[in-house]
Every structure is written in C-alpha cells, then in structure tokens.
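Here is the file coords_33.csv (CSV, C-alpha atoms).
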chain,number,residue,atom,x,y,z
A,1184,MET,CA,-7.5,-23.5,23.5
A,1185,ILE,CA,-10.6,-22.6,21.6
A,1186,THR,CA,-10.9,-18.9,21.1
A,1187,SER,CA,-14.5,-17.7,21.6
A,1188,PRO,CA,-15.9,-16.1,18.5
A,1189,PRO,CA,-16.2,-12.5,20.0
A,1190,ASP,CA,-12.4,-12.5,20.4
A,1191,VAL,CA,-12.0,-13.3,16.7
A,1192,PHE,CA,-12.2,-10.0,14.8
A,1193,VAL,CA,-13.1,-10.4,11.1
A,1194,VAL,CA,-11.8,-7.4,9.2
A,1195,ILE,CA,-13.6,-6.6,6.0
A,1196,PRO,CA,-12.4,-3.8,3.8
A,1197,ALA,CA,-15.2,-2.4,1.7
A,1198,TYR,CA,-15.1,0.0,-1.2
A,1199,ASN,CA,-18.4,0.6,-3.0
A,1200,GLU,CA,-19.8,-2.7,-1.8
A,1201,SER,CA,-23.3,-1.7,-0.8
A,1202,LYS,CA,-24.9,-4.4,-3.0
A,1203,SER,CA,-23.0,-7.4,-1.5
A,1204,LEU,CA,-22.1,-6.3,1.9
A,1205,ALA,CA,-25.2,-7.2,3.9
A,1206,ALA,CA,-25.2,-10.7,2.5
A,1207,VAL,CA,-21.5,-11.2,3.3
A,1208,ALA,CA,-21.2,-9.5,6.7
A,1209,ALA,CA,-24.5,-10.4,8.4
A,1210,PRO,CA,-23.9,-14.2,8.5
A,1211,VAL,CA,-20.4,-13.7,9.9
A,1212,ALA,CA,-21.7,-11.5,12.6
A,1213,ALA,CA,-24.5,-13.9,13.3
A,1214,ALA,CA,-21.9,-16.6,13.9
A,1215,GLY,CA,-20.7,-14.6,16.8
A,1216,TYR,CA,-17.5,-13.1,15.4
A,1217,ALA,CA,-16.7,-9.5,15.9
A,1218,VAL,CA,-17.1,-8.0,12.5
A,1219,VAL,CA,-15.2,-4.8,11.7
A,1220,VAL,CA,-16.0,-3.3,8.3
A,1221,VAL,CA,-13.8,-0.5,7.1
A,1222,ASP,CA,-15.5,1.6,4.5
A,1223,ASP,CA,-12.7,2.8,2.4
A,1224,GLY,CA,-14.2,6.1,1.3
A,1225,SER,CA,-17.0,4.6,-0.7
A,1226,GLN,CA,-19.1,6.8,-2.9
A,1227,ASP,CA,-22.1,4.6,-2.9
A,1228,ASP,CA,-24.4,3.6,0.0
A,1229,THR,CA,-21.9,1.3,1.8
A,1230,TRP,CA,-21.8,3.4,5.0
A,1231,ASN,CA,-25.6,3.5,5.3
A,1232,VAL,CA,-25.9,-0.2,4.6
A,1233,LEU,CA,-23.5,-0.8,7.5
A,1234,GLU,CA,-25.7,1.1,9.9
A,1235,THR,CA,-28.4,-1.6,9.5
A,1236,LEU,CA,-25.9,-4.4,10.2
A,1237,PRO,CA,-24.7,-5.7,13.6
A,1238,VAL,CA,-21.1,-4.8,12.8
A,1239,ARG,CA,-18.5,-2.3,13.9
A,1240,ARG,CA,-18.0,0.2,11.2
A,1241,LEU,CA,-15.1,2.5,10.4
A,1242,ARG,CA,-14.9,5.0,7.6
A,1243,HIS,CA,-11.9,6.4,5.8
A,1244,PRO,CA,-12.7,10.0,4.8
A,1245,ILE,CA,-11.0,9.3,1.4
A,1246,ASN,CA,-10.3,6.2,-0.6
A,1247,LEU,CA,-6.9,4.8,0.3
A,1248,GLY,CA,-6.8,1.3,-0.9
A,1249,GLN,CA,-7.4,-2.2,0.4
A,1250,GLY,CA,-4.1,-2.5,2.2
A,1251,ALA,CA,-4.8,0.7,4.1
A,1252,ALA,CA,-8.3,-0.4,5.0
A,1253,LEU,CA,-7.0,-3.7,6.3
A,1254,LYS,CA,-4.5,-1.9,8.5
A,1255,THR,CA,-7.1,0.4,9.9
A,1256,GLY,CA,-9.2,-2.6,10.8
A,1257,MET,CA,-6.2,-4.3,12.4
A,1258,VAL,CA,-5.3,-1.3,14.5
A,1259,TYR,CA,-8.9,-1.2,15.7
A,1260,ALA,CA,-8.8,-4.9,16.5
A,1261,LEU,CA,-5.5,-4.4,18.4
A,1262,ARG,CA,-7.0,-1.6,20.4
A,1263,HIS,CA,-10.0,-3.7,21.3
A,1264,ASP,CA,-8.0,-6.7,22.5
A,1265,ALA,CA,-8.7,-9.0,19.6
A,1266,LYS,CA,-7.0,-12.4,20.0
A,1267,ILE,CA,-7.2,-13.4,16.4
A,1268,VAL,CA,-7.9,-11.3,13.3
A,1269,ILE,CA,-9.3,-12.7,10.0
A,1270,HIS,CA,-8.8,-10.9,6.7
A,1271,PHE,CA,-12.0,-11.3,4.8
A,1272,ASP,CA,-13.2,-10.0,1.4
A,1273,ALA,CA,-16.4,-8.0,1.0
A,1274,ASP,CA,-17.4,-9.5,-2.3
A,1275,GLY,CA,-18.6,-12.9,-1.1
A,1276,GLN,CA,-15.5,-14.9,-2.3
A,1277,HIS,CA,-14.8,-16.3,1.1
A,1278,ASP,CA,-16.8,-18.7,3.3
A,1279,TYR,CA,-16.9,-17.7,7.0
A,1280,ARG,CA,-17.6,-21.3,7.9
A,1281,GLN,CA,-14.0,-22.1,7.1
A,1282,ILE,CA,-12.8,-19.7,9.8
A,1283,PRO,CA,-12.5,-22.4,12.5
A,1284,GLU,CA,-10.2,-24.5,10.2
A,1285,LEU,CA,-8.2,-21.4,9.4
A,1286,ILE,CA,-7.6,-20.4,13.0
A,1287,GLU,CA,-6.9,-23.9,14.3
A,1288,PRO,CA,-3.1,-23.8,13.9
A,1289,ILE,CA,-3.1,-20.5,15.9
A,1290,GLU,CA,-5.3,-21.9,18.6
A,1291,LYS,CA,-3.0,-25.0,18.9
A,1292,GLY,CA,0.0,-22.7,19.2
A,1293,GLU,CA,1.5,-24.0,16.0
A,1294,ALA,CA,1.4,-20.8,14.0
A,1295,ASP,CA,1.3,-17.0,14.2
A,1296,ILE,CA,-0.3,-16.5,10.8
A,1297,VAL,CA,-2.3,-18.8,8.6
A,1298,LEU,CA,-2.7,-18.1,4.9
A,1299,GLY,CA,-5.6,-19.5,3.0
A,1300,SER,CA,-4.6,-21.4,-0.2
A,1301,ARG,CA,-6.6,-22.3,-3.3
A,1302,PHE,CA,-4.0,-24.8,-4.3
A,1303,LEU,CA,-3.9,-27.4,-1.5
A,1304,ARG,CA,-7.0,-29.4,-2.6
A,1305,ALA,CA,-7.9,-30.5,-6.1
A,1306,HIS,CA,-11.5,-29.2,-5.9
A,1307,ASP,CA,-10.4,-25.7,-4.7
A,1308,ARG,CA,-7.8,-25.6,-7.4
A,1309,ASN,CA,-10.4,-26.4,-10.1
A,1310,MET,CA,-12.6,-23.5,-8.9
A,1311,VAL,CA,-9.9,-21.1,-10.1
A,1312,PRO,CA,-10.3,-19.9,-13.7
A,1313,SER,CA,-7.4,-21.3,-15.8
A,1314,VAL,CA,-6.0,-17.9,-16.8
A,1315,LYS,CA,-6.0,-16.8,-13.2
A,1316,ARG,CA,-4.3,-20.0,-12.2
A,1317,ALA,CA,-1.4,-19.4,-14.7
A,1318,ILE,CA,-1.0,-15.8,-13.4
A,1319,LEU,CA,-1.0,-16.9,-9.8
A,1320,ARG,CA,1.8,-19.4,-10.6
A,1321,ILE,CA,3.9,-16.4,-11.7
A,1322,GLY,CA,2.7,-14.5,-8.7
A,1323,VAL,CA,4.0,-17.3,-6.4
A,1324,LEU,CA,7.4,-16.8,-8.1
A,1325,ALA,CA,7.2,-13.0,-7.7
A,1326,SER,CA,6.3,-13.3,-4.1
A,1327,TRP,CA,9.2,-15.6,-3.5
A,1328,MET,CA,11.6,-13.1,-5.1
A,1329,ALA,CA,10.1,-10.2,-3.1
A,1330,SER,CA,9.8,-12.0,0.3
A,1331,GLY,CA,11.8,-15.2,0.1
A,1332,MET,CA,8.8,-17.4,0.9
A,1333,TRP,CA,7.7,-20.2,-1.3
A,1334,LEU,CA,4.0,-20.8,-1.0
A,1335,SER,CA,1.3,-22.6,-2.9
A,1336,ASP,CA,-0.9,-19.5,-3.4
A,1337,THR,CA,-0.4,-15.8,-3.5
A,1338,HIS,CA,-2.7,-12.8,-3.0
A,1339,ASN,CA,-5.3,-14.9,-1.4
A,1340,GLY,CA,-7.1,-12.4,0.9
A,1341,PHE,CA,-8.3,-15.0,3.4
A,1342,ARG,CA,-5.9,-15.1,6.3
A,1343,ALA,CA,-5.8,-15.5,10.1
A,1344,LEU,CA,-3.4,-13.5,12.2
A,1345,SER,CA,-2.5,-14.2,15.9
A,1346,ARG,CA,-2.2,-11.4,18.4
A,1347,ARG,CA,1.6,-11.7,18.0
A,1348,ALA,CA,1.4,-11.3,14.2
A,1349,LEU,CA,-1.0,-8.3,14.7
A,1350,GLU,CA,1.5,-6.6,17.0
A,1351,THR,CA,4.6,-7.1,14.8
A,1352,ILE,CA,3.4,-6.8,11.2
A,1353,ARG,CA,3.8,-3.3,9.9
A,1354,LEU,CA,2.1,-2.5,6.6
A,1355,HIS,CA,2.9,0.5,4.4
A,1356,GLU,CA,1.4,-0.6,1.1
A,1357,ASN,CA,-2.0,1.1,0.7
A,1358,GLY,CA,-2.9,-0.9,-2.4
A,1359,PHE,CA,-3.1,-4.6,-3.3
A,1360,ALA,CA,0.7,-5.0,-2.9
A,1361,HIS,CA,0.1,-5.4,0.9
A,1362,ALA,CA,-0.4,-9.1,0.2
A,1363,THR,CA,3.2,-9.5,-0.7
A,1364,GLU,CA,4.3,-7.1,2.0
A,1365,ILE,CA,2.7,-9.3,4.6
A,1366,LEU,CA,4.9,-12.1,3.4
A,1367,SER,CA,8.0,-9.9,3.8
A,1368,GLU,CA,6.8,-9.0,7.3
A,1369,ILE,CA,6.3,-12.6,8.2
A,1370,ARG,CA,10.0,-13.2,7.4
A,1371,ARG,CA,11.3,-10.1,8.9
A,1372,ASN,CA,9.6,-10.9,12.2
A,1373,ASN,CA,10.3,-14.6,12.1
A,1374,LEU,CA,6.6,-15.4,12.4
A,1375,ARG,CA,5.5,-19.0,12.1
A,1376,CYS,CA,3.4,-19.3,9.0
A,1377,VAL,CA,1.3,-22.2,7.7
A,1378,GLU,CA,-1.1,-22.6,4.8
A,1379,ARG,CA,-4.6,-24.1,5.0
A,1380,PRO,CA,-6.9,-25.0,2.2
A,1381,VAL,CA,-9.8,-22.6,1.5
A,1382,THR,CA,-12.4,-22.6,-1.1
A,1383,ILE,CA,-12.8,-19.3,-3.1
A,1384,SER,CA,-16.1,-19.0,-5.0
A,1385,TYR,CA,-15.7,-16.9,-8.1
A,1386,SER,CA,-19.0,-15.2,-8.9
A,1387,GLN,CA,-19.4,-12.8,-11.8
A,1388,TYR,CA,-19.6,-10.0,-9.2
A,1389,SER,CA,-16.4,-10.9,-7.4
A,1390,MET,CA,-14.5,-11.3,-10.6
A,1391,ALA,CA,-15.6,-7.8,-11.7
A,1392,LYS,CA,-14.7,-6.3,-8.3
A,1393,GLY,CA,-11.5,-8.1,-7.7
A,1394,GLN,CA,-8.0,-7.4,-9.1
A,1395,SER,CA,-7.6,-7.7,-12.8
A,1396,THR,CA,-5.0,-10.1,-13.8
A,1397,LEU,CA,-2.9,-7.4,-15.4
A,1398,ASN,CA,-2.8,-5.7,-12.0
A,1399,SER,CA,-0.2,-8.2,-11.0
A,1400,LEU,CA,2.3,-6.3,-13.0
A,1401,ASN,CA,1.4,-3.2,-11.1
A,1402,ILE,CA,1.9,-5.0,-7.8
A,1403,VAL,CA,5.4,-6.1,-8.8
A,1404,ILE,CA,6.3,-2.4,-9.7
A,1405,ASP,CA,4.8,-1.2,-6.4
A,1406,LEU,CA,7.0,-3.6,-4.5
A,1407,ALA,CA,10.1,-2.6,-6.5
A,1408,MET,CA,9.3,1.1,-5.7
A,1409,ARG,CA,8.8,0.2,-2.1
A,1410,ARG,CA,12.3,-1.4,-1.9
A,1411,LEU,CA,13.8,1.7,-3.5
A,1412,PHE,CA,12.0,4.4,-1.4
A,1413,ARG,CA,11.7,3.0,2.1
B,957,MET,CA,22.7,39.3,-30.5
B,958,ILE,CA,20.6,36.5,-31.8
B,959,PRO,CA,16.9,37.2,-30.9
B,960,ILE,CA,16.4,34.0,-29.0
B,961,LYS,CA,19.2,34.8,-26.5
B,962,PRO,CA,17.4,37.6,-24.6
B,963,VAL,CA,14.2,35.5,-24.5
B,964,LEU,CA,16.1,32.6,-22.9
B,965,ILE,CA,17.9,34.8,-20.4
B,966,ALA,CA,14.7,36.5,-19.4
B,967,ALA,CA,13.1,33.1,-18.9
B,968,ILE,CA,15.9,31.9,-16.7
B,969,LEU,CA,15.9,35.1,-14.6
B,970,LEU,CA,12.1,34.8,-14.2
B,971,PHE,CA,12.5,31.2,-13.1
B,972,ALA,CA,15.1,32.4,-10.4
B,973,VAL,CA,12.9,35.2,-9.2
B,974,LEU,CA,9.8,32.9,-8.9
B,975,TYR,CA,11.9,30.3,-7.1
B,976,PHE,CA,13.2,32.8,-4.6
B,977,ALA,CA,9.7,34.3,-4.1
B,978,LYS,CA,7.7,31.1,-3.9
B,979,LEU,CA,9.8,28.1,-3.0
B,980,ARG,CA,12.4,27.0,-0.5
B,981,SER,CA,14.6,29.6,1.1
B,982,ARG,CA,17.4,27.7,2.5
B,983,LEU,CA,20.9,29.1,1.7
B,984,TRP,CA,22.0,26.0,-0.1
B,985,ASP,CA,19.0,25.8,-2.3
B,986,ARG,CA,19.4,29.5,-3.2
B,987,MET,CA,23.1,29.1,-4.0
B,988,LEU,CA,22.4,26.1,-6.2
B,989,VAL,CA,19.8,28.1,-8.1
B,990,LEU,CA,22.2,31.1,-8.4
B,991,LEU,CA,24.9,28.7,-9.8
B,992,PHE,CA,22.3,27.2,-12.2
B,993,VAL,CA,21.3,30.7,-13.4
B,994,ALA,CA,24.9,31.8,-13.8
B,995,VAL,CA,25.9,28.7,-15.8
B,996,SER,CA,22.7,28.8,-17.9
B,997,VAL,CA,23.3,32.5,-18.8
B,998,GLY,CA,26.9,31.8,-19.6
B,999,PHE,CA,25.9,29.0,-22.0
B,1000,ILE,CA,23.3,31.1,-23.7
B,1001,VAL,CA,25.7,34.0,-24.2
B,1002,SER,CA,28.5,31.9,-25.6
B,1003,PRO,CA,27.2,28.5,-26.9
B,1004,ASP,CA,30.6,27.6,-28.2
B,1005,PHE,CA,31.6,27.0,-24.6
B,1006,THR,CA,29.3,24.0,-24.3
B,1007,THR,CA,30.7,22.6,-27.6
B,1008,SER,CA,34.3,22.7,-26.3
B,1009,ILE,CA,33.2,20.9,-23.1
B,1010,ALA,CA,31.3,18.4,-25.2
B,1011,HIS,CA,34.4,17.7,-27.4
B,1012,ARG,CA,36.4,17.0,-24.3
B,1013,LEU,CA,33.9,14.5,-23.2
B,1014,GLY,CA,33.7,12.8,-26.6
B,1015,VAL,CA,30.3,14.2,-27.5
B,1016,GLY,CA,29.9,15.8,-30.9
B,1017,ARG,CA,27.8,18.9,-30.2
B,1018,GLY,CA,27.2,21.1,-27.1
B,1019,ALA,CA,23.4,20.8,-27.6
B,1020,ASP,CA,23.6,17.0,-27.3
B,1021,LEU,CA,25.7,17.3,-24.1
B,1022,LEU,CA,23.1,19.6,-22.6
B,1023,PHE,CA,20.3,17.2,-23.7
B,1024,TYR,CA,22.0,14.3,-21.9
B,1025,PHE,CA,22.5,16.3,-18.8
B,1026,SER,CA,19.0,17.6,-18.7
B,1027,LEU,CA,17.6,14.0,-19.1
B,1028,ILE,CA,19.6,12.9,-16.1
B,1029,GLY,CA,18.5,16.0,-14.2
B,1030,PHE,CA,14.8,15.4,-14.9
B,1031,SER,CA,15.1,11.8,-14.0
B,1032,PHE,CA,16.5,12.8,-10.6
B,1033,ILE,CA,13.8,15.4,-10.1
B,1034,PHE,CA,11.2,12.8,-11.0
B,1035,LEU,CA,12.6,10.4,-8.4
B,1036,LEU,CA,12.7,13.1,-5.7
B,1037,LEU,CA,9.1,14.1,-6.4
B,1038,PHE,CA,8.0,10.5,-6.4
B,1039,SER,CA,9.5,9.7,-3.0
B,1040,TRP,CA,8.1,13.0,-1.6
B,1041,ILE,CA,4.6,12.2,-2.9
B,1042,ARG,CA,4.9,8.7,-1.3
B,1043,GLU,CA,5.8,10.3,2.0
B,1044,LEU,CA,2.9,12.7,1.8
B,1045,GLN,CA,0.6,9.7,0.9
B,1046,GLN,CA,1.8,7.9,4.1
B,1047,GLN,CA,1.0,11.0,6.1
B,1048,VAL,CA,-2.4,11.4,4.6
B,1049,THR,CA,-3.1,7.7,5.2
B,1050,SER,CA,-2.1,8.0,8.9
B,1051,LEU,CA,-4.4,11.0,9.3
B,1052,ALA,CA,-7.3,9.3,7.6
B,1053,ARG,CA,-6.8,6.2,9.7
B,1054,GLU,CA,-6.8,8.2,13.0
B,1055,LEU,CA,-9.9,10.0,11.9
B,1056,ALA,CA,-11.7,6.8,11.2
B,1057,LEU,CA,-10.5,5.2,14.5
B,1058,HIS,CA,-11.4,8.3,16.5
B,1059,ALA,CA,-14.9,8.4,15.0
B,1060,ALA,CA,-15.4,4.8,16.0
B,1061,ASP,CA,-14.3,5.4,19.6
B,1062,PRO,CA,-14.6,9.1,20.4
B,1063,GLU,CA,-13.8,8.5,24.1
B,1064,ARG,CA,-10.6,6.7,23.5
B,1065,ARG,CA,-7.5,8.8,23.7
B,1066,ALA,CA,-5.0,8.4,20.9
B,1067,TRP,CA,-2.2,10.1,22.8
B,1068,ASN,CA,-1.0,9.8,26.4
B,1069,GLU,CA,0.0,12.7,28.6
B,1070,ASN,CA,3.6,12.6,27.2
B,1071,GLY,CA,2.2,13.2,23.7
B,1072,ASP,CA,3.2,9.6,22.6
B,1073,GLN,CA,0.7,7.9,20.3
B,1074,ILE,CA,-1.0,5.0,22.1
B,1075,PRO,CA,-0.7,1.9,19.8
Take the structure I supplied and represent it as structure tokens, if you would.
Amino acid sequence: MITSPPDVFVVIPAYNESKSLAAVAAPVAAAGYAVVVVDDGSQDDTWNVLETLPVRRLRHPINLGQGAALKTGMVYALRHDAKIVIHFDADGQHDYRQIPELIEPIEKGEADIVLGSRFLRAHDRNMVPSVKRAILRIGVLASWMASGMWLSDTHNGFRALSRRALETIRLHENGFAHATEILSEIRRNNLRCVERPVTISYSQYSMAKGQSTLNSLNIVIDLAMRRLFR
Amino acid sequence: MIPIKPVLIAAILLFAVLYFAKLRSRLWDRMLVLLFVAVSVGFIVSPDFTTSIAHRLGVGRGADLLFYFSLIGFSFIFLLLFSWIRELQQQVTSLARELALHAADPERRAWNENGDQIP
C-alpha cells in the first residue's frame, strides 16, 4: 500500500526559526505532504513567516519545549485522520526526500514506528562530528538503560509513526527527553520498531540551534526525575 | 531569659499565624503545624532537652541533631514542591495545547455532550 502524500503529516516543531523555516517547510509542502508547523511560543517572526507558507500552523501561547510541540502536532494529525506522521526538524538537518524510504516499513505493514539512524551507513556516520559521535554512543547506552531498547542511534529527530503508534504513544516530557520517552513507549505498547538510514546535514545554523552535547546529561536527569515522579 | 529566645518564639508564632491565614486549612495540616510550633517553642525554652535526645541517638550536640533533621525536612519539602511544580507544568501544557488546537480548528468541539474530552 502506498500512502498518498496528503495522508502523511509532517510535524515540524519550531521555536524562533523564522530564518530557516521557509526554506525547510516549503519544499516539504510542495512535495504534497500535509505540513503541520507548531510554533512553540516563538518570540521572533516565526508565526508571521508561517502565514506566507502553504502549511497548517499551530501556536503555543508560551514556550513549552520540543517534546510538547511534537505532541501538539501529533494530536492535530490524529484529529485530522493522518495515516502516518513524520517528525521533522525545522533547522534544515533533515531531507524530506528521504521520507518515502522512512515510511516504507510502515506501508509494507512491517513496522509501527521507524527511527532514522545516522549510524547504519558509513557516509551518514562520517557526517556526524566526532565529539557528537562519542556522546551519541553514550546516549545509546543511556537510552538502553532507560528504555531497554538497543539501537544504533539516539535522539535522532527524524522518525515515522504509523496511526497505531500515534494512538498509543503517550508523551509527557516537554523537553528533549521525549526522544528517550518515545523508546519507552514503544516498548510499553509492544510497537514494532525498525531503524532506517538517514542523512543528517550539520550546518553551522543547525549546530547552533540544536542540543548542546552537555545537554545529554540534562536529559538523563530529566528521565530519572520522570521515573521518580510519575 | 537569653535575648534570642523571645525573637525565635515570636518568629515561630508569626510563621504559624501566617500559615493559618494564607495557606491550607485542612485539619491535619493545622494540627501538624500546631505540633511543630509546640515542639519548636519547647526546644527554644529548654535547649538541654534536644541535647538529651541527641545523646540517646548517639549525636554529640542537640544543635547537630536539629541540623540533621532540618536537612531531611528541607529535602522532603524540595521533593514535594518539585513534583507539585511538575504537575502544574503538565496542566499548563495541556491548556496551551488545547488553545493551540482550538485556534487551528475553531469549529471542532474538544468535548462531547458528556463532558468527555474528544481525543
């Protein structure tokens, strides 16, 4: 079964992304996908930039975090009968032309959720800066401890979720820790999960906007706190 | 009487009055606060009492014993406040999300006639 692009909702959380957003979102929309941009309480011109684009826009009245923005986009997609949801970054790291590869296991009925990985192909792996690579290895271990899933990559924001995954995954982490929370949810709901290679392009802009490597410590603490207080 | 004693007792009483006036008014909370005030005032009036308890627990000075207990107490309060703030944060998040979703689809109803939220 090939899902027609309008049934594929590409959810893009955006916080102060007015500079890059048009270049990132417009081609995805032009490819026919339903693009849902969640403006996470930006203080810059993000909301106005969105008005000029052929996308559906949602706006948090206050800044809540990437995890919260993704969830808002997912609830919207669910209410609008999305068949597949793609998580997509606003800073230009991801390539929308890889979406068909990413959703293929879902279309074939082989998986409920597909995680993009930077570590399945040598040339993708070489794109990752070496310090980041080392931190991500530790992240893989931390994710395994938190969720029990051993993967090749962690905190890769490029994912595809089937309708079933969309209906069962419950996210509570507002910040970046949602990425590990998704893994715990995959396990809790017995979702079928596969990894597919994706290329992440690290520009100066995306490196500045993305998570700092030190933030991984923060994520581990967030997750520990969540285990204690939920 | 040592000059610090009336100051401490006044501070404790002021705390109790403010608590009753501004904060929670459940019977249990009030009884706990009254107990806390009574014990505190007792300790202030006769500090030797804390020392004798401390000795029984193997701690040298009453002041040290109080210090340890207050550390434990503050840690608990920190944890309670933290989980309470998290709960509030979740509620604010849900509210903000519903606002965003409602603004995107003003016609769509978020609740059915039974008052249940439509997923």
Can you check which residues of chain B have any atom within 9 Å of chain A? Use all atoms listed in the file and format it as a short mmCIF file (atom, residue, chain, number, x, y, z; two decimals) with C-alpha atoms, in the coordinates of the input.
data_model
loop_
_atom_site.label_atom_id
_atom_site.label_comp_id
_atom_site.auth_asym_id
_atom_site.auth_seq_id
_atom_site.Cartn_x
_atom_site.Cartn_y
_atom_site.Cartn_z
CA PHE B 1038 8.00 10.50 -6.40
CA SER B 1039 9.50 9.70 -3.00
CA ARG B 1042 4.90 8.70 -1.30
CA GLN B 1045 0.60 9.70 0.90
CA GLN B 1046 1.80 7.90 4.10
CA THR B 1049 -3.10 7.70 5.20
CA ALA B 1052 -7.30 9.30 7.60
CA ARG B 1053 -6.80 6.20 9.70
CA GLU B 1054 -6.80 8.20 13.00
CA LEU B 1055 -9.90 10.00 11.90
CA ALA B 1056 -11.70 6.80 11.20
CA LEU B 1057 -10.50 5.20 14.50
CA ALA B 1059 -14.90 8.40 15.00
CA ALA B 1060 -15.40 4.80 16.00
CA PRO B 1075 -0.70 1.90 19.80
#
Nearest candidate to A:Glu1290 (options A:Arg1346, A:His1270, A:Lys1315, A:Arg1304; using only C-alpha atoms)
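Result for the nearest residue to A:Glu1290: A:Arg1346.
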Measure the distance from atom CA of B:Leu991 to atom CA of B:Ile1028 in Å and round it to one decimal.
17.8 Å
note - atom CA of A:Lys1266 and atom CA of A:Arg1371 are separated by 21.5 Å
What's the separation between atom CA of A:Pro1237 and atom CA of A:Gln1249, in Å to one decimal place?
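Going from atom CA of A:Pro1237 over to atom CA of A:Gln1249 covers 22.0 Å.
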Identify which of the residues A:Leu1366, A:Ala1360, A:Ala1305, A:Ala1208 lies closest to A:Val1403, counting only C-alpha atoms when measuring atom-to-atom distances.
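Under the stated criterion, the closest residue is A:Ala1360.
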Choose the residue, out of A:Asp1295, A:Asp1278, A:Glu1284, A:Asp1227, that has the smallest atom-to-atom separation from A:Asn1373; count all atoms listed in the file.
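Smallest distance to A:Asn1373 is found for A:Asp1295.
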Could N, CA and C atoms be built for stretch 1290-1314 of chain A and written out as an mmCIF file, in the frame of the given file?
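Written file, out-v7.cif:
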data_model
loop_
_atom_site.group_PDB
_atom_site.id
_atom_site.type_symbol
_atom_site.label_atom_id
_atom_site.label_comp_id
_atom_site.auth_asym_id
_atom_site.auth_seq_id
_atom_site.Cartn_x
_atom_site.Cartn_y
_atom_site.Cartn_z
ATOM 1 N N GLU A 1290 -4.741 -21.497 17.324
ATOM 2 C CA GLU A 1290 -5.300 -21.900 18.600
ATOM 3 C C GLU A 1290 -4.409 -23.049 19.226
ATOM 4 N N LYS A 1291 -3.870 -23.887 18.358
ATOM 5 C CA LYS A 1291 -3.000 -25.000 18.900
ATOM 6 C C LYS A 1291 -1.612 -24.481 19.191
ATOM 7 N N GLY A 1292 -1.357 -23.211 18.924
ATOM 8 C CA GLY A 1292 0.000 -22.700 19.200
ATOM 9 C C GLY A 1292 1.011 -23.069 18.206
ATOM 10 N N GLU A 1293 0.558 -23.500 17.022
ATOM 11 C CA GLU A 1293 1.500 -24.000 16.000
ATOM 12 C C GLU A 1293 1.910 -22.891 15.009
ATOM 13 N N ALA A 1294 1.149 -21.814 14.967
ATOM 14 C CA ALA A 1294 1.400 -20.800 14.000
ATOM 15 C C ALA A 1294 1.030 -19.417 14.461
ATOM 16 N N ASP A 1295 1.688 -18.382 13.900
ATOM 17 C CA ASP A 1295 1.300 -17.000 14.200
ATOM 18 C C ASP A 1295 0.408 -16.437 13.117
ATOM 19 N N ILE A 1296 0.535 -17.008 11.943
ATOM 20 C CA ILE A 1296 -0.300 -16.500 10.800
ATOM 21 C C ILE A 1296 -0.634 -17.681 9.924
ATOM 22 N N VAL A 1297 -1.879 -17.705 9.501
ATOM 23 C CA VAL A 1297 -2.300 -18.800 8.600
ATOM 24 C C VAL A 1297 -2.834 -18.179 7.322
ATOM 25 N N LEU A 1298 -2.292 -18.654 6.215
ATOM 26 C CA LEU A 1298 -2.700 -18.100 4.900
ATOM 27 C C LEU A 1298 -3.598 -19.122 4.222
ATOM 28 N N GLY A 1299 -4.714 -18.652 3.738
ATOM 29 C CA GLY A 1299 -5.600 -19.500 3.000
ATOM 30 C C GLY A 1299 -4.989 -19.806 1.615
ATOM 31 N N SER A 1300 -5.160 -21.024 1.139
ATOM 32 C CA SER A 1300 -4.600 -21.400 -0.200
ATOM 33 C C SER A 1300 -5.655 -22.081 -1.037
ATOM 34 N N ARG A 1301 -5.690 -21.682 -2.306
ATOM 35 C CA ARG A 1301 -6.600 -22.300 -3.300
ATOM 36 C C ARG A 1301 -5.959 -23.515 -3.919
ATOM 37 N N PHE A 1302 -4.718 -23.833 -3.559
ATOM 38 C CA PHE A 1302 -4.000 -24.800 -4.300
ATOM 39 C C PHE A 1302 -3.570 -26.052 -3.489
ATOM 40 N N LEU A 1303 -4.232 -26.271 -2.369
ATOM 41 C CA LEU A 1303 -3.900 -27.400 -1.500
ATOM 42 C C LEU A 1303 -4.821 -28.589 -1.747
ATOM 43 N N ARG A 1304 -6.002 -28.301 -2.318
ATOM 44 C CA ARG A 1304 -7.000 -29.400 -2.600
ATOM 45 C C ARG A 1304 -7.408 -29.289 -4.022
ATOM 46 N N ALA A 1305 -7.576 -30.456 -4.643
ATOM 47 C CA ALA A 1305 -7.900 -30.500 -6.100
ATOM 48 C C ALA A 1305 -9.181 -29.699 -6.368
ATOM 49 N N HIS A 1306 -10.212 -29.851 -5.531
ATOM 50 C CA HIS A 1306 -11.500 -29.200 -5.900
ATOM 51 C C HIS A 1306 -11.427 -27.689 -5.706
ATOM 52 N N ASP A 1307 -10.564 -27.208 -4.783
ATOM 53 C CA ASP A 1307 -10.400 -25.700 -4.700
ATOM 54 C C ASP A 1307 -9.670 -25.212 -5.883
ATOM 55 N N ARG A 1308 -8.638 -25.975 -6.289
ATOM 56 C CA ARG A 1308 -7.800 -25.600 -7.400
ATOM 57 C C ARG A 1308 -8.666 -25.456 -8.687
ATOM 58 N N ASN A 1309 -9.588 -26.423 -8.841
ATOM 59 C CA ASN A 1309 -10.400 -26.400 -10.100
ATOM 60 C C ASN A 1309 -11.406 -25.286 -10.110
ATOM 61 N N MET A 1310 -11.647 -24.659 -8.962
ATOM 62 C CA MET A 1310 -12.600 -23.500 -8.900
ATOM 63 C C MET A 1310 -11.908 -22.279 -9.560
ATOM 64 N N VAL A 1311 -10.570 -22.268 -9.598
ATOM 65 C CA VAL A 1311 -9.900 -21.100 -10.100
ATOM 66 C C VAL A 1311 -9.853 -21.086 -11.605
ATOM 67 N N PRO A 1312 -10.318 -19.999 -12.239
ATOM 68 C CA PRO A 1312 -10.300 -19.900 -13.700
ATOM 69 C C PRO A 1312 -8.860 -20.143 -14.223
ATOM 70 N N SER A 1313 -8.721 -20.797 -15.391
ATOM 71 C CA SER A 1313 -7.400 -21.300 -15.800
ATOM 72 C C SER A 1313 -6.404 -20.112 -16.053
ATOM 73 N N VAL A 1314 -6.880 -18.995 -16.612
ATOM 74 C CA VAL A 1314 -6.000 -17.900 -16.800
ATOM 75 C C VAL A 1314 -5.435 -17.363 -15.504
#
